[in-house]
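With mmCIF, C-alpha atoms inside, this is structure08.cif:
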data_work
loop_
_atom_site.label_atom_id
_atom_site.label_comp_id
_atom_site.auth_asym_id
_atom_site.auth_seq_id
_atom_site.Cartn_x
_atom_site.Cartn_y
_atom_site.Cartn_z
CA MET B 2 179.50 72.62 149.96
CA ALA B 3 181.71 72.38 146.99
CA ASP B 4 179.81 69.29 145.91
CA ASP B 5 176.49 71.10 146.13
CA LEU B 6 177.72 73.99 143.99
CA GLY B 7 179.13 71.58 141.49
CA ASP B 8 175.82 69.77 141.17
CA GLU B 9 173.89 73.02 140.84
CA TRP B 10 176.22 74.31 138.10
CA TRP B 11 175.96 71.06 136.17
CA GLU B 12 172.18 71.09 136.17
CA ASN B 13 171.99 74.71 134.86
CA GLN B 14 174.08 74.03 131.71
CA PRO B 15 172.28 73.47 128.33
CA ALA B 16 172.15 69.85 127.46
CA GLY B 17 173.74 68.36 124.38
CA ALA B 18 172.44 65.59 122.19
CA ASP B 19 173.59 62.93 124.63
CA GLY B 20 172.29 64.74 127.69
CA SER B 21 175.66 66.15 128.66
CA PRO B 22 176.24 69.87 128.78
CA GLU B 23 177.07 71.56 125.41
CA ALA B 24 180.67 72.47 124.98
CA SER B 25 181.21 76.20 124.59
CA ASP B 26 183.24 77.80 121.85
CA ASP B 27 185.84 78.76 124.39
CA GLU B 28 186.36 75.14 125.21
CA GLY B 29 187.10 74.19 121.62
CA GLY B 30 183.73 72.56 120.92
CA GLY B 31 182.64 72.13 117.20
CA ASP B 32 184.62 72.13 113.91
CA PRO B 33 186.98 75.11 113.60
CA GLU B 34 186.60 75.24 109.81
CA MET B 35 182.83 75.32 110.06
CA ILE B 36 183.06 78.13 112.58
CA GLN B 37 185.33 80.13 110.27
CA GLN B 38 183.00 79.70 107.27
CA GLU B 39 180.02 80.79 109.29
CA THR B 40 181.63 83.83 110.81
CA VAL B 41 183.47 85.25 107.76
CA PRO B 42 181.14 87.67 105.97
CA VAL B 43 180.72 87.29 102.16
CA PRO B 44 181.66 90.53 100.41
CA ALA B 45 178.76 92.00 98.41
CA LEU B 46 179.23 92.41 94.65
CA SER B 47 179.76 95.94 93.60
CA LYS B 48 177.13 97.41 91.29
CA LYS B 49 179.88 98.51 88.94
CA THR B 50 181.06 94.95 88.37
CA GLU B 51 177.61 93.54 87.53
CA GLN B 52 177.41 92.49 83.90
CA PRO B 53 174.25 93.23 81.91
CA LYS B 54 172.21 90.19 81.16
CA GLU B 55 171.45 89.35 77.51
CA CYS B 56 168.00 88.22 76.49
CA PHE B 57 167.48 85.88 73.58
CA LEU B 58 164.10 85.23 71.97
CA ILE B 59 163.84 81.60 71.05
CA GLN B 60 161.71 81.09 67.96
CA PRO B 61 159.42 78.09 68.16
CA LYS B 62 160.30 75.35 65.72
CA GLU B 63 157.99 75.11 62.70
CA THR B 64 156.28 71.77 62.54
CA LYS B 65 155.39 69.96 59.33
CA GLU B 66 151.74 70.70 59.98
CA ASP B 67 152.43 74.45 60.28
CA ALA B 68 154.53 74.43 57.10
CA THR B 69 151.76 72.63 55.23
CA LYS B 70 149.19 75.15 56.41
CA THR B 71 151.45 78.02 55.32
CA ARG B 72 151.89 76.54 51.85
CA ARG B 73 148.18 75.97 51.54
CA ARG B 74 147.41 79.53 52.53
CA LYS B 75 149.88 80.97 50.03
CA LYS B 76 148.63 78.73 47.24
CA LYS B 77 145.05 79.67 47.94
CA LYS B 78 145.94 83.35 47.98
CA ILE B 79 147.62 83.18 44.57
CA THR B 80 144.66 81.30 43.15
CA ASP B 81 142.27 83.88 44.54
CA VAL B 82 144.22 86.68 42.88
CA LEU B 83 144.18 84.91 39.52
CA ALA B 84 140.50 84.10 39.85
CA LYS B 85 139.62 87.74 40.49
CA SER B 86 141.68 89.03 37.55
CA GLU B 87 139.73 89.66 34.39
CA PRO B 88 140.60 87.28 31.52
CA LYS B 89 142.18 89.02 28.57
CA PRO B 90 142.16 87.51 25.08
CA GLY B 91 145.54 86.60 23.61
CA THR B 92 146.99 88.73 20.84
CA PRO B 93 149.78 88.19 18.26
CA GLU B 94 151.91 90.61 20.29
CA ASP B 95 151.70 88.23 23.27
CA LEU B 96 153.17 85.40 21.23
CA GLN B 97 155.91 87.60 19.78
CA LYS B 98 156.88 88.91 23.24
CA LEU B 99 156.96 85.46 24.81
CA MET B 100 159.18 84.16 22.04
CA LYS B 101 161.65 87.06 22.35
CA ASP B 102 161.78 86.74 26.13
CA TYR B 103 162.44 83.01 25.83
CA TYR B 104 165.39 83.42 23.43
CA ARG B 105 166.73 86.73 24.76
CA GLY B 106 169.49 85.16 26.84
CA SER B 107 170.75 82.83 24.08
CA ARG B 108 170.30 84.79 20.85
CA SER B 109 171.95 87.87 19.39
CA VAL B 110 169.99 90.98 18.48
CA ILE B 111 170.01 90.00 14.81
CA GLU B 112 168.77 86.47 15.61
CA LEU B 113 165.98 87.91 17.74
CA GLU B 114 164.88 90.12 14.87
CA GLU B 115 164.60 87.04 12.65
CA LEU B 116 161.92 85.73 15.00
CA ASN B 117 159.65 88.66 14.17
CA LEU B 118 156.57 87.74 12.17
CA PRO B 119 154.58 90.21 10.07
CA ASP B 120 150.98 90.92 11.02
CA SER B 121 149.85 89.20 7.83
CA CYS B 122 150.92 85.86 9.34
CA PHE B 123 148.23 86.05 12.02
CA LEU B 124 144.54 85.32 11.81
CA LYS B 125 141.98 87.22 13.83
CA ALA B 126 142.35 86.27 17.50
CA ASN B 127 139.44 85.01 19.59
CA ASP B 128 137.87 87.82 21.62
CA LEU B 129 136.47 85.28 24.14
CA THR B 130 132.99 85.42 22.57
CA HIS B 131 133.44 82.50 20.17
CA SER B 132 132.98 78.79 20.56
CA LEU B 133 135.68 76.74 18.86
CA SER B 134 133.52 75.87 15.85
CA SER B 135 132.35 79.47 15.35
CA TYR B 136 135.92 80.73 15.61
CA LEU B 137 137.20 78.24 13.03
CA LYS B 138 134.35 79.08 10.68
CA GLU B 139 135.30 82.73 10.90
CA ILE B 140 139.01 82.30 10.22
CA CYS B 141 138.49 79.57 7.58
CA PRO B 142 135.24 80.16 5.70
CA LYS B 143 136.40 78.01 2.73
CA TRP B 144 137.18 74.92 4.79
CA VAL B 145 134.89 72.59 2.83
CA LYS B 146 136.60 73.44 -0.45
CA LEU B 147 140.08 73.12 1.07
CA ARG B 148 139.49 69.68 2.52
CA LYS B 149 138.02 68.38 -0.73
CA ASN B 150 141.17 69.42 -2.58
CA HIS B 151 143.49 67.93 0.01
CA ASN B 152 144.77 64.46 -0.91
CA GLU B 153 148.29 64.32 0.56
CA LYS B 154 149.06 61.70 3.14
CA LYS B 155 151.37 62.21 6.14
CA SER B 156 150.03 65.76 6.44
CA VAL B 157 147.10 67.84 7.68
CA LEU B 158 145.49 71.12 6.61
CA MET B 159 144.95 72.40 10.15
CA LEU B 160 146.76 71.77 13.40
CA MET B 161 145.35 72.64 16.82
CA ILE B 162 147.88 72.74 19.65
CA CYS B 163 146.83 72.41 23.29
CA SER B 164 148.40 71.58 26.67
CA SER B 165 147.21 68.00 27.34
CA ALA B 166 145.55 64.89 25.94
CA ILE B 167 142.39 65.53 27.95
CA ARG B 168 142.12 69.03 26.55
CA ALA B 169 142.70 67.67 23.03
CA LEU B 170 139.72 65.33 23.39
CA GLU B 171 137.58 68.24 24.56
CA LEU B 172 138.58 70.26 21.50
CA ILE B 173 137.81 67.37 19.15
CA ARG B 174 134.30 67.14 20.61
CA SER B 175 133.90 70.93 20.37
CA VAL B 176 134.85 71.07 16.68
CA THR B 177 132.05 68.79 15.48
CA ALA B 178 129.98 71.59 13.94
CA PHE B 179 132.99 72.78 11.92
CA ARG B 180 134.66 69.57 10.81
CA GLY B 181 131.81 68.02 8.87
CA ASP B 182 133.16 64.99 7.01
CA SER B 183 136.80 65.90 7.75
CA LYS B 184 139.14 63.20 9.02
CA VAL B 185 140.55 64.07 12.45
CA ILE B 186 143.62 62.53 14.11
CA LYS B 187 144.67 62.62 17.76
CA LEU B 188 148.27 63.75 18.10
CA PHE B 189 149.16 63.27 21.76
CA ALA B 190 151.26 60.77 23.69
CA LYS B 191 148.76 59.37 26.18
CA HIS B 192 147.98 55.69 25.35
CA ILE B 193 149.10 56.20 21.72
CA LYS B 194 152.57 55.29 20.45
CA VAL B 195 154.39 57.41 17.89
CA GLN B 196 154.61 54.57 15.40
CA GLU B 197 150.85 54.01 15.54
CA GLN B 198 150.27 57.63 14.60
CA VAL B 199 152.87 57.45 11.84
CA LYS B 200 151.06 54.44 10.32
CA LEU B 201 147.69 56.22 10.47
CA LEU B 202 149.12 59.28 8.68
CA GLU B 203 150.69 57.05 6.01
CA LYS B 204 147.53 55.00 5.54
CA ARG B 205 144.90 57.69 4.90
CA VAL B 206 144.36 61.36 4.14
CA VAL B 207 143.80 63.45 7.29
CA HIS B 208 142.47 67.00 7.34
CA LEU B 209 142.62 68.08 10.97
CA GLY B 210 145.10 67.21 13.71
CA VAL B 211 144.63 68.03 17.42
CA GLY B 212 147.35 67.39 19.98
CA THR B 213 150.22 68.49 22.15
CA PRO B 214 153.36 70.26 20.88
CA GLY B 215 155.70 67.57 22.20
CA ARG B 216 154.11 64.72 20.22
CA ILE B 217 153.63 66.86 17.09
CA LYS B 218 157.29 67.86 17.26
CA GLU B 219 158.33 64.19 17.54
CA LEU B 220 156.23 63.22 14.50
CA VAL B 221 157.82 66.00 12.45
CA LYS B 222 161.27 64.93 13.62
CA GLN B 223 160.69 61.29 12.59
CA GLY B 224 159.25 62.28 9.20
CA GLY B 225 155.78 61.02 10.01
CA LEU B 226 154.20 64.45 9.62
CA ASN B 227 154.97 66.87 6.80
CA LEU B 228 154.25 70.51 7.65
CA ASN B 229 154.47 71.93 4.10
CA PRO B 230 150.77 71.38 3.18
CA LEU B 231 149.71 72.94 6.53
CA LYS B 232 147.48 76.01 6.10
CA PHE B 233 146.32 76.83 9.63
CA LEU B 234 148.02 76.46 13.01
CA VAL B 235 145.70 77.33 15.90
CA PHE B 236 146.83 77.66 19.52
CA ASP B 237 144.43 76.88 22.36
CA TRP B 238 145.66 80.13 23.88
CA ASN B 239 143.01 81.46 26.26
CA TRP B 240 141.87 78.26 27.98
CA ARG B 241 142.97 77.81 31.60
CA ASP B 242 143.40 74.62 33.61
CA GLN B 243 142.42 74.00 37.25
CA LYS B 244 145.42 76.03 38.39
CA LEU B 245 144.30 78.89 36.12
CA ARG B 246 147.34 78.44 33.87
CA ARG B 247 147.15 79.01 30.15
CA MET B 248 148.99 76.71 27.80
CA MET B 249 151.91 79.14 27.45
CA ASP B 250 152.14 79.62 31.23
CA ILE B 251 153.50 76.07 31.59
CA PRO B 252 157.31 76.12 31.04
CA GLU B 253 157.50 72.65 29.44
CA ILE B 254 154.70 73.39 26.98
CA ARG B 255 156.12 76.82 26.13
CA LYS B 256 159.53 75.30 25.39
CA GLU B 257 158.07 72.65 23.08
CA VAL B 258 155.91 75.20 21.25
CA PHE B 259 158.89 77.40 20.42
CA GLU B 260 160.97 74.40 19.33
CA LEU B 261 158.12 73.32 17.04
CA LEU B 262 157.89 76.81 15.55
CA GLU B 263 161.54 76.64 14.60
CA MET B 264 161.09 73.28 12.87
CA GLY B 265 159.67 74.94 9.77
CA VAL B 266 156.59 76.77 11.04
CA LEU B 267 158.22 80.22 11.15
CA SER B 268 159.58 79.88 7.62
CA LEU B 269 156.15 78.80 6.34
CA CYS B 270 154.58 81.81 8.06
CA LYS B 271 157.06 84.20 6.46
CA SER B 272 156.32 82.70 3.04
CA GLU B 273 152.62 83.41 3.77
CA SER B 274 151.55 79.83 3.10
CA LEU B 275 150.67 79.29 6.78
CA LYS B 276 148.51 81.39 9.12
CA LEU B 277 148.56 81.41 12.92
CA GLY B 278 145.45 81.74 15.09
CA LEU B 279 144.96 82.25 18.85
CA PHE B 280 141.73 80.71 20.12
#

What would you get if you wrote out this structure as structure tokens?
Amino acid sequence: MADDLGDEWWENQPAGADGSPEASDDEGGGDPEMIQQETVPVPALSKKTEQPKECFLIQPKETKEDATKTRRRKKKKITDVLAKSEPKPGTPEDLQKLMKDYYRGSRSVIELEELNLPDSCFLKANDLTHSLSSYLKEICPKWVKLRKNHNEKKSVLMLMICSSAIRALELIRSVTAFRGDSKVIKLFAKHIKVQEQVKLLEKRVVHLGVGTPGRIKELVKQGGLNLNPLKFLVFDWNWRDQKLRRMMDIPEIRKEVFELLEMGVLSLCKSESLKLGLF
């Protein structure tokens, strides 16, 4: 009887992995540490102890392509603004103001006053209705007589100052109707050495010179060009390049122009032997 009850009890127990009855917790079955971890409740965090979470916005990195597009957009915008602005003809006051602004940080008040030029030093400025030849005919109606009386070498009667060699060639072609039989010399650095220009000025009488302020300044410095016989100095003032910059809007050109003016031009203007024109 005892055997039958034993067999019946054995058959009613849940089977383990090996077919034998599962050991109960009371009998010490399983890992005690595992049992403790499973039965111990985890205390919930108090709402008071929860820390606020910080949010950071991560800016996307700017690629080279994006930076290039930004620069292009800004450049185009500036160009559009300049293109829409109405062109205004240059005046003697513009030149005087630019010169004072340039030297303001390095000159005293008295030295700045010495830069002032009387109105009599300036020729009539171009009102944007003239071609180059018509403008020169207006400011110098006695050009034919002047050039016939001019026989000094290493000098010119008229200087035209512009921003580049290409622009100088354009001006030389544009002055055909005015120049007549006058001798014209190119005074720029591109493809022409200083010594070559010095030899040309020493060899023959020249009436009209067209070039850049840097090369003209160098010729004066080396003694190849004498400014004393000069009667007219004309700035290519109103013309704009592809970037819509005038000659005096370019820092390098502006610097060289003012340095050239101080190499004898200002003193000649004050003595009224030289006139300035803004084309």

Run the PyMOL selection byres ((chain B and resi 146) around 12) against the file shown and list the residues it catches, as a PyMOL selection string.
chain B and resi 141-145+147-151+158+181-183+208

Tell me which residues come within 12 Å of (148.4, 61.1, -1.1), as number ranges by chain, counting only C-alpha atoms in the file's coordinates.
B: 150-157, 202-208, 227, 230

Emit the selected residues as a compact mmCIF listing (two decimals), in the coordinates of the input, including C-alpha atoms.
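Heads up, here's the output in result_3.txt:
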# COMPACT_ATOMS: atom_id res chain seq x y z
CA ASN B 150 141.17 69.42 -2.58
CA HIS B 151 143.49 67.93 0.01
CA ASN B 152 144.77 64.46 -0.91
CA GLU B 153 148.29 64.32 0.56
CA LYS B 154 149.06 61.70 3.14
CA LYS B 155 151.37 62.21 6.14
CA SER B 156 150.03 65.76 6.44
CA VAL B 157 147.10 67.84 7.68
CA LEU B 202 149.12 59.28 8.68
CA GLU B 203 150.69 57.05 6.01
CA LYS B 204 147.53 55.00 5.54
CA ARG B 205 144.90 57.69 4.90
CA VAL B 206 144.36 61.36 4.14
CA VAL B 207 143.80 63.45 7.29
CA HIS B 208 142.47 67.00 7.34
CA ASN B 227 154.97 66.87 6.80
CA PRO B 230 150.77 71.38 3.18

Within 9 Å of range 266-270 of chain B using all atoms listed in the file, minus same-chain residues under 6 positions, as a PyMOL selection string:
chain B and resi 116+118-119+121-123+228-229+231+234+276-277

Please measure the separation of CA of Glu273 in chain B and CA of Gln97 in chain B, giving the value in Å to one decimal.
16.9 Å

Which polymer residues have any atom within 10 Å of an atom of Gly278 in chain B, counting only C-alpha atoms, with same-chain residues fewer than 4 positions away left out, as number ranges by chain?
B: 91-93, 122-127, 136-137, 140, 161, 233-238

From the block I gave, I'd like range 107-135 of chain B written with N, CA, C and O atoms, as a PDB file, in the first residue's frame.
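Writing done, so here's decode_13.pdb:
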ATOM      1  N   SER B 107      47.006 109.369 -41.091  1.00  0.00           N
ATOM      2  CA  SER B 107      48.467 109.523 -41.038  1.00  0.00           C
ATOM      3  C   SER B 107      48.935 110.969 -41.166  1.00  0.00           C
ATOM      4  O   SER B 107      50.140 111.222 -41.124  1.00  0.00           O
ATOM      5  N   ARG B 108      48.028 111.900 -41.342  1.00  0.00           N
ATOM      6  CA  ARG B 108      48.404 113.299 -41.528  1.00  0.00           C
ATOM      7  C   ARG B 108      47.742 114.177 -40.465  1.00  0.00           C
ATOM      8  O   ARG B 108      46.652 113.858 -39.976  1.00  0.00           O
ATOM      9  N   SER B 109      48.418 115.268 -40.149  1.00  0.00           N
ATOM     10  CA  SER B 109      47.845 116.240 -39.216  1.00  0.00           C
ATOM     11  C   SER B 109      46.809 117.087 -39.941  1.00  0.00           C
ATOM     12  O   SER B 109      46.664 117.019 -41.172  1.00  0.00           O
ATOM     13  N   VAL B 110      46.095 117.895 -39.189  1.00  0.00           N
ATOM     14  CA  VAL B 110      45.073 118.757 -39.769  1.00  0.00           C
ATOM     15  C   VAL B 110      45.697 119.731 -40.767  1.00  0.00           C
ATOM     16  O   VAL B 110      45.149 119.985 -41.843  1.00  0.00           O
ATOM     17  N   ILE B 111      46.848 120.268 -40.414  1.00  0.00           N
ATOM     18  CA  ILE B 111      47.522 121.225 -41.303  1.00  0.00           C
ATOM     19  C   ILE B 111      47.960 120.539 -42.588  1.00  0.00           C
ATOM     20  O   ILE B 111      47.816 121.093 -43.693  1.00  0.00           O
ATOM     21  N   GLU B 112      48.488 119.306 -42.469  1.00  0.00           N
ATOM     22  CA  GLU B 112      48.925 118.567 -43.660  1.00  0.00           C
ATOM     23  C   GLU B 112      47.744 118.208 -44.556  1.00  0.00           C
ATOM     24  O   GLU B 112      47.869 118.209 -45.786  1.00  0.00           O
ATOM     25  N   LEU B 113      46.596 117.924 -43.948  1.00  0.00           N
ATOM     26  CA  LEU B 113      45.406 117.628 -44.740  1.00  0.00           C
ATOM     27  C   LEU B 113      44.925 118.858 -45.499  1.00  0.00           C
ATOM     28  O   LEU B 113      44.455 118.756 -46.638  1.00  0.00           O
ATOM     29  N   GLU B 114      45.060 120.015 -44.886  1.00  0.00           N
ATOM     30  CA  GLU B 114      44.659 121.252 -45.553  1.00  0.00           C
ATOM     31  C   GLU B 114      45.545 121.556 -46.759  1.00  0.00           C
ATOM     32  O   GLU B 114      45.086 122.145 -47.743  1.00  0.00           O
ATOM     33  N   GLU B 115      46.794 121.109 -46.695  1.00  0.00           N
ATOM     34  CA  GLU B 115      47.708 121.335 -47.824  1.00  0.00           C
ATOM     35  C   GLU B 115      47.326 120.515 -49.051  1.00  0.00           C
ATOM     36  O   GLU B 115      47.770 120.808 -50.158  1.00  0.00           O
ATOM     37  N   LEU B 116      46.504 119.483 -48.841  1.00  0.00           N
ATOM     38  CA  LEU B 116      46.054 118.661 -49.959  1.00  0.00           C
ATOM     39  C   LEU B 116      44.912 119.305 -50.733  1.00  0.00           C
ATOM     40  O   LEU B 116      44.571 118.852 -51.838  1.00  0.00           O
ATOM     41  N   ASN B 117      44.312 120.332 -50.157  1.00  0.00           N
ATOM     42  CA  ASN B 117      43.197 120.998 -50.831  1.00  0.00           C
ATOM     43  C   ASN B 117      43.652 121.669 -52.122  1.00  0.00           C
ATOM     44  O   ASN B 117      44.704 122.322 -52.167  1.00  0.00           O
ATOM     45  N   LEU B 118      42.861 121.508 -53.151  1.00  0.00           N
ATOM     46  CA  LEU B 118      43.147 122.136 -54.439  1.00  0.00           C
ATOM     47  C   LEU B 118      42.040 123.134 -54.765  1.00  0.00           C
ATOM     48  O   LEU B 118      40.858 122.833 -54.567  1.00  0.00           O
ATOM     49  N   PRO B 119      42.389 124.283 -55.287  1.00  0.00           N
ATOM     50  CA  PRO B 119      41.363 125.265 -55.661  1.00  0.00           C
ATOM     51  C   PRO B 119      40.548 124.777 -56.859  1.00  0.00           C
ATOM     52  O   PRO B 119      41.003 123.920 -57.631  1.00  0.00           O
ATOM     53  N   ASP B 120      39.358 125.295 -56.989  1.00  0.00           N
ATOM     54  CA  ASP B 120      38.487 124.886 -58.097  1.00  0.00           C
ATOM     55  C   ASP B 120      39.102 125.184 -59.455  1.00  0.00           C
ATOM     56  O   ASP B 120      38.800 124.507 -60.446  1.00  0.00           O
ATOM     57  N   SER B 121      39.971 126.174 -59.505  1.00  0.00           N
ATOM     58  CA  SER B 121      40.597 126.546 -60.782  1.00  0.00           C
ATOM     59  C   SER B 121      41.524 125.460 -61.321  1.00  0.00           C
ATOM     60  O   SER B 121      41.901 125.486 -62.494  1.00  0.00           O
ATOM     61  N   CYS B 122      41.892 124.492 -60.453  1.00  0.00           N
ATOM     62  CA  CYS B 122      42.775 123.403 -60.901  1.00  0.00           C
ATOM     63  C   CYS B 122      42.028 122.354 -61.727  1.00  0.00           C
ATOM     64  O   CYS B 122      42.652 121.544 -62.413  1.00  0.00           O
ATOM     65  N   PHE B 123      40.707 122.369 -61.647  1.00  0.00           N
ATOM     66  CA  PHE B 123      39.919 121.305 -62.276  1.00  0.00           C
ATOM     67  C   PHE B 123      39.256 121.771 -63.568  1.00  0.00           C
ATOM     68  O   PHE B 123      38.743 122.886 -63.660  1.00  0.00           O
ATOM     69  N   LEU B 124      39.271 120.869 -64.535  1.00  0.00           N
ATOM     70  CA  LEU B 124      38.545 121.075 -65.777  1.00  0.00           C
ATOM     71  C   LEU B 124      37.100 120.617 -65.598  1.00  0.00           C
ATOM     72  O   LEU B 124      36.757 119.972 -64.609  1.00  0.00           O
ATOM     73  N   LYS B 125      36.274 120.934 -66.554  1.00  0.00           N
ATOM     74  CA  LYS B 125      34.890 120.488 -66.486  1.00  0.00           C
ATOM     75  C   LYS B 125      34.847 118.966 -66.501  1.00  0.00           C
ATOM     76  O   LYS B 125      35.478 118.312 -67.334  1.00  0.00           O
ATOM     77  N   ALA B 126      34.078 118.380 -65.562  1.00  0.00           N
ATOM     78  CA  ALA B 126      33.987 116.925 -65.478  1.00  0.00           C
ATOM     79  C   ALA B 126      32.998 116.386 -66.506  1.00  0.00           C
ATOM     80  O   ALA B 126      32.069 117.082 -66.930  1.00  0.00           O
ATOM     81  N   ASN B 127      33.207 115.139 -66.902  1.00  0.00           N
ATOM     82  CA  ASN B 127      32.301 114.489 -67.852  1.00  0.00           C
ATOM     83  C   ASN B 127      30.952 114.231 -67.199  1.00  0.00           C
ATOM     84  O   ASN B 127      30.869 113.663 -66.107  1.00  0.00           O
ATOM     85  N   ASP B 128      29.877 114.631 -67.860  1.00  0.00           N
ATOM     86  CA  ASP B 128      28.533 114.411 -67.322  1.00  0.00           C
ATOM     87  C   ASP B 128      27.910 113.123 -67.850  1.00  0.00           C
ATOM     88  O   ASP B 128      26.692 112.949 -67.818  1.00  0.00           O
ATOM     89  N   LEU B 129      28.744 112.211 -68.337  1.00  0.00           N
ATOM     90  CA  LEU B 129      28.345 110.902 -68.862  1.00  0.00           C
ATOM     91  C   LEU B 129      27.657 110.985 -70.225  1.00  0.00           C
ATOM     92  O   LEU B 129      27.075 109.998 -70.686  1.00  0.00           O
ATOM     93  N   THR B 130      27.711 112.135 -70.865  1.00  0.00           N
ATOM     94  CA  THR B 130      27.131 112.271 -72.211  1.00  0.00           C
ATOM     95  C   THR B 130      28.211 112.312 -73.290  1.00  0.00           C
ATOM     96  O   THR B 130      27.895 112.222 -74.470  1.00  0.00           O
ATOM     97  N   HIS B 131      29.455 112.434 -72.899  1.00  0.00           N
ATOM     98  CA  HIS B 131      30.554 112.596 -73.859  1.00  0.00           C
ATOM     99  C   HIS B 131      31.212 111.266 -74.202  1.00  0.00           C
ATOM    100  O   HIS B 131      31.298 110.355 -73.374  1.00  0.00           O
ATOM    101  N   SER B 132      31.709 111.188 -75.425  1.00  0.00           N
ATOM    102  CA  SER B 132      32.699 110.170 -75.765  1.00  0.00           C
ATOM    103  C   SER B 132      34.047 110.740 -75.331  1.00  0.00           C
ATOM    104  O   SER B 132      34.145 111.920 -74.990  1.00  0.00           O
ATOM    105  N   LEU B 133      35.091 109.924 -75.357  1.00  0.00           N
ATOM    106  CA  LEU B 133      36.385 110.411 -74.914  1.00  0.00           C
ATOM    107  C   LEU B 133      36.897 111.546 -75.811  1.00  0.00           C
ATOM    108  O   LEU B 133      37.371 112.582 -75.323  1.00  0.00           O
ATOM    109  N   SER B 134      36.785 111.366 -77.106  1.00  0.00           N
ATOM    110  CA  SER B 134      37.268 112.398 -78.030  1.00  0.00           C
ATOM    111  C   SER B 134      36.493 113.710 -77.870  1.00  0.00           C
ATOM    112  O   SER B 134      37.084 114.798 -77.873  1.00  0.00           O
ATOM    113  N   SER B 135      35.168 113.623 -77.729  1.00  0.00           N
ATOM    114  CA  SER B 135      34.380 114.851 -77.577  1.00  0.00           C
ATOM    115  C   SER B 135      34.683 115.544 -76.251  1.00  0.00           C
ATOM    116  O   SER B 135      34.699 116.779 -76.168  1.00  0.00           O
TER     117      SER B 135
END
